[in-house]
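Chemist: This is the structure, below, for whatever I ask next.
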Amino acid sequence: MIRKVTKAVFPVAGMGTRFLPATKSIPKEIMTLVDQPLIQYAIDEARAAGITDFIFVTSRGKSALEDYFDASPQLEETLQRKNKTKLLEALKKTDMPSGAIAYVRQRDAMGLGHAVWCARRLIGDEPFAVLLPDDVIAGETPCLQQMVEAYQDTGGCMVAAMEVPKDKISSYGVLDTGTDNGSVVTVKDMVEKPAADKAPSNLAVIGRYILTPRVMENLNDMKIGAGGEIQLTDAIAAEISSHDGVHGYRFKGQRFDCGSKAGFLQATVAFGLARDDLAHEFRSFLHEYLAVRDAAE
Ligand code: G1P
């Protein structure tokens with residue numbers, strides 16, 4: 001029987017150096033896409049997939065994240081007094097019942113695999129999800145929910161997957177694939193950040209995972225991989241020969257790499273245009289702005 005996935009790990013310990021100086025004093029996961037911090041998108045997606053236990057792997061300087069998910073009695077009182085029901089409603093999303101969210105610290109930055117391993121005691125003997133908040137995925141059905149549904153048939157480990165251009169492939173975990181039904185592919189091998197000419201395919205791992213607790217055991221080996229780091233990809237690859245194996249899942253939706261400046265800007269445009277309250281004004285601004293620029297060139 002396939003066990004329900006109710007726990008999710010959010011690795012949020014990274015220093016976010018690509019967004020300095022902004023990230024000097026705010027965690028990158030608090031950076032705002034339209035009007036919500038990045039982390040809120042990942043939390044909403046996890047909730048939609050049935051996750052009830054949220055585990056944050058944090059580091060020094062991330063207290064703004066903890067405050068974000070804390071109650072804010074003074075703010076709520078003020079809004080209530082002023083009858084700001086819409087704003088109160090918006091705040092509800094940040095509500096985490098006591099005990100639903102747990103924080104563990106990654107003391108040394110030793111890679112994504114190591115960050116996930118830091119949550120091992122809270123995961124115990126259960127399958128779990130991992131969401132990388134840098135990867136923001138817009139879709140009719142949230143990505144992790146799609147995966148949880150597909151996972152009912154596969155069990156084992158599942159990673160979100162997407163084709164990427166060859167010149168970008170070396171930034172990703174890459175899948176060597178076997179059978180492929182268009183959405184679910186069996187994984188024969190996976191390599192972290194291969195050189196473009198060594199990549200087994202152009203199917204890249206995107207930051208959503210459903211993993212068996214054995215992946216945590218594999219991480220106990222502390223095997224050093226690509227970039228001198230302990231890689232999650234390697235610990236998952238060790239499960240390929242297990243009974244249920246590893247599957248890639250080509251999700252339906254658009255993924256934005258909010259770990260890069262260009263990706264963050266693209267997400268801002270896409271999410272801004274998708275908002276009923278902003279679309280009209282924003283679209284005409286973009287239209288006119290580009291027309292004026294094009295005419296000047
Ligand atoms: C991580 C993973 C990589 C995956 C990527 C997706 O890399 O190690 O396998 O393809 O996320 O965003 P990072 O972006 O942290 O270097």
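The chains in the structure tokens are called A, B, ... from first to last as shown; in each chain the residues are counted from 1, and the ligands are counted from 1 in the order shown.
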How would you report the residues lying within 10 Å of ligand 1, as a PyMOL selection string, if you count only C-alpha atoms and all ligand atoms?
Modeler: chain A and resi 11+14+111-113+131-136+159-162+169-175+190-193+203-208+226-227+229-234+255-260
Chemist: When you count only C-alpha atoms, which of these residues is closest to A:Phe282: A:Ala90, A:Ile240, A:Val34, A:Val5?
Modeler: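 For A:Phe282, the nearest of the candidates is A:Val34.
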Chemist: Measuring atom to atom with only C-alpha atoms, identify which of A:Leu219, A:Tyr249, A:Cys143, A:Ser241 is nearest to A:Asp180.
Modeler: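 Nearest to A:Asp180: A:Tyr249.
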Chemist: Rounded to one decimal in Å, what is the spacing between atom CA of A:Pro165 and atom CA of A:Ala274?
Modeler: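 That distance, rounded to one decimal, is 25.7 Å.
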Chemist: Report the residues of stretch 100-241 of chain A whose backbone DSSP state falls under alpha helix (DSSP H), written as JSON, numbers by chain.
Modeler: {"A": [112, 113, 114, 115, 116, 117, 120, 121, 122, 123, 143, 144, 145, 146, 147, 148, 149, 150, 151, 152, 153, 154, 213, 214, 215, 216, 217, 218, 219, 232, 233, 234, 235, 236, 237]}
Chemist: Show me, as a VMD selection string, the residues that have an atom within 10 Å of A:Pro97 when counting only C-alpha atoms, minus same-chain residues fewer than 3 positions from it.
Modeler: chain A and resid 52 69 to 71 94 100 to 101
Chemist: Between atom CA of A:Gly99 and atom CA of A:Val57, measure the distance and give it in Å to one decimal.
Modeler: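 Between these atoms lies a distance of 15.3 Å.
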Chemist: Please measure the separation of atom CA of A:Ile43 and atom CA of A:Leu65, giving the value in Å to one decimal.
Modeler: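 Value for the atom CA of A:Ile43-atom CA of A:Leu65 distance: 12.1 Å.
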Chemist: Residues near stretch 122-124 of chain A, anyone? I mean within 8 Å using only C-alpha atoms, not counting same-chain ones fewer than 3 positions away, as a VMD selection string.
Modeler: chain A and resid 7 55 119 127 to 128 213
Chemist: Include N, CA and C atoms and write out the residues we just selected as a tab-separated table (two decimals), in the first residue's frame.
Modeler:
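Result went into selection_18.tsv, see below:
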```tsv
chain	number	residue	atom	x	y	z
A	7	LYS	N	4.30	15.03	4.88
A	7	LYS	CA	5.40	15.87	5.36
A	7	LYS	C	6.17	16.45	4.17
A	55	ILE	N	8.48	21.32	7.19
A	55	ILE	CA	9.78	21.33	7.86
A	55	ILE	C	10.72	22.26	7.10
A	119	ALA	N	16.74	17.14	8.10
A	119	ALA	CA	15.35	16.95	8.54
A	119	ALA	C	15.04	15.49	8.86
A	127	PRO	N	7.34	8.42	3.62
A	127	PRO	CA	7.68	9.14	2.39
A	127	PRO	C	7.48	10.63	2.63
A	128	PHE	N	8.20	11.45	1.91
A	128	PHE	CA	8.10	12.90	2.15
A	128	PHE	C	8.32	13.65	0.85
A	213	PRO	N	11.81	7.21	2.59
A	213	PRO	CA	12.73	7.48	3.71
A	213	PRO	C	14.12	6.88	3.48
```
Chemist: Point out the residue among A:Lys252, A:Lys261, A:Arg293, A:Lys82 with the least atom-to-atom distance to A:Gly139, counting only C-alpha atoms.
Modeler: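 Of A:Lys252, A:Lys261, A:Arg293, A:Lys82, the one nearest A:Gly139 is A:Lys252, counting only C-alpha atoms.
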Chemist: Select, from A:Ala235, A:Val9, A:Met158, A:Ile26, the residue with the minimum atom-to-atom distance to A:Gln146, counting only C-alpha atoms.
Modeler: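 Among the listed residues, A:Met158 lies closest to A:Gln146.
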Chemist: Pick from A:Leu75, A:Gln106, A:Asn220, A:Val246: nearest to A:Asp189, with only C-alpha atoms counted?
Modeler: A:Val246
Chemist: Point out the residue among A:Thr186, A:Ser59, A:Ser98, A:Asn218 with the least atom-to-atom distance to A:Arg250, counting only C-alpha atoms.
Modeler: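 Closest residue, counting only C-alpha atoms: A:Thr186.
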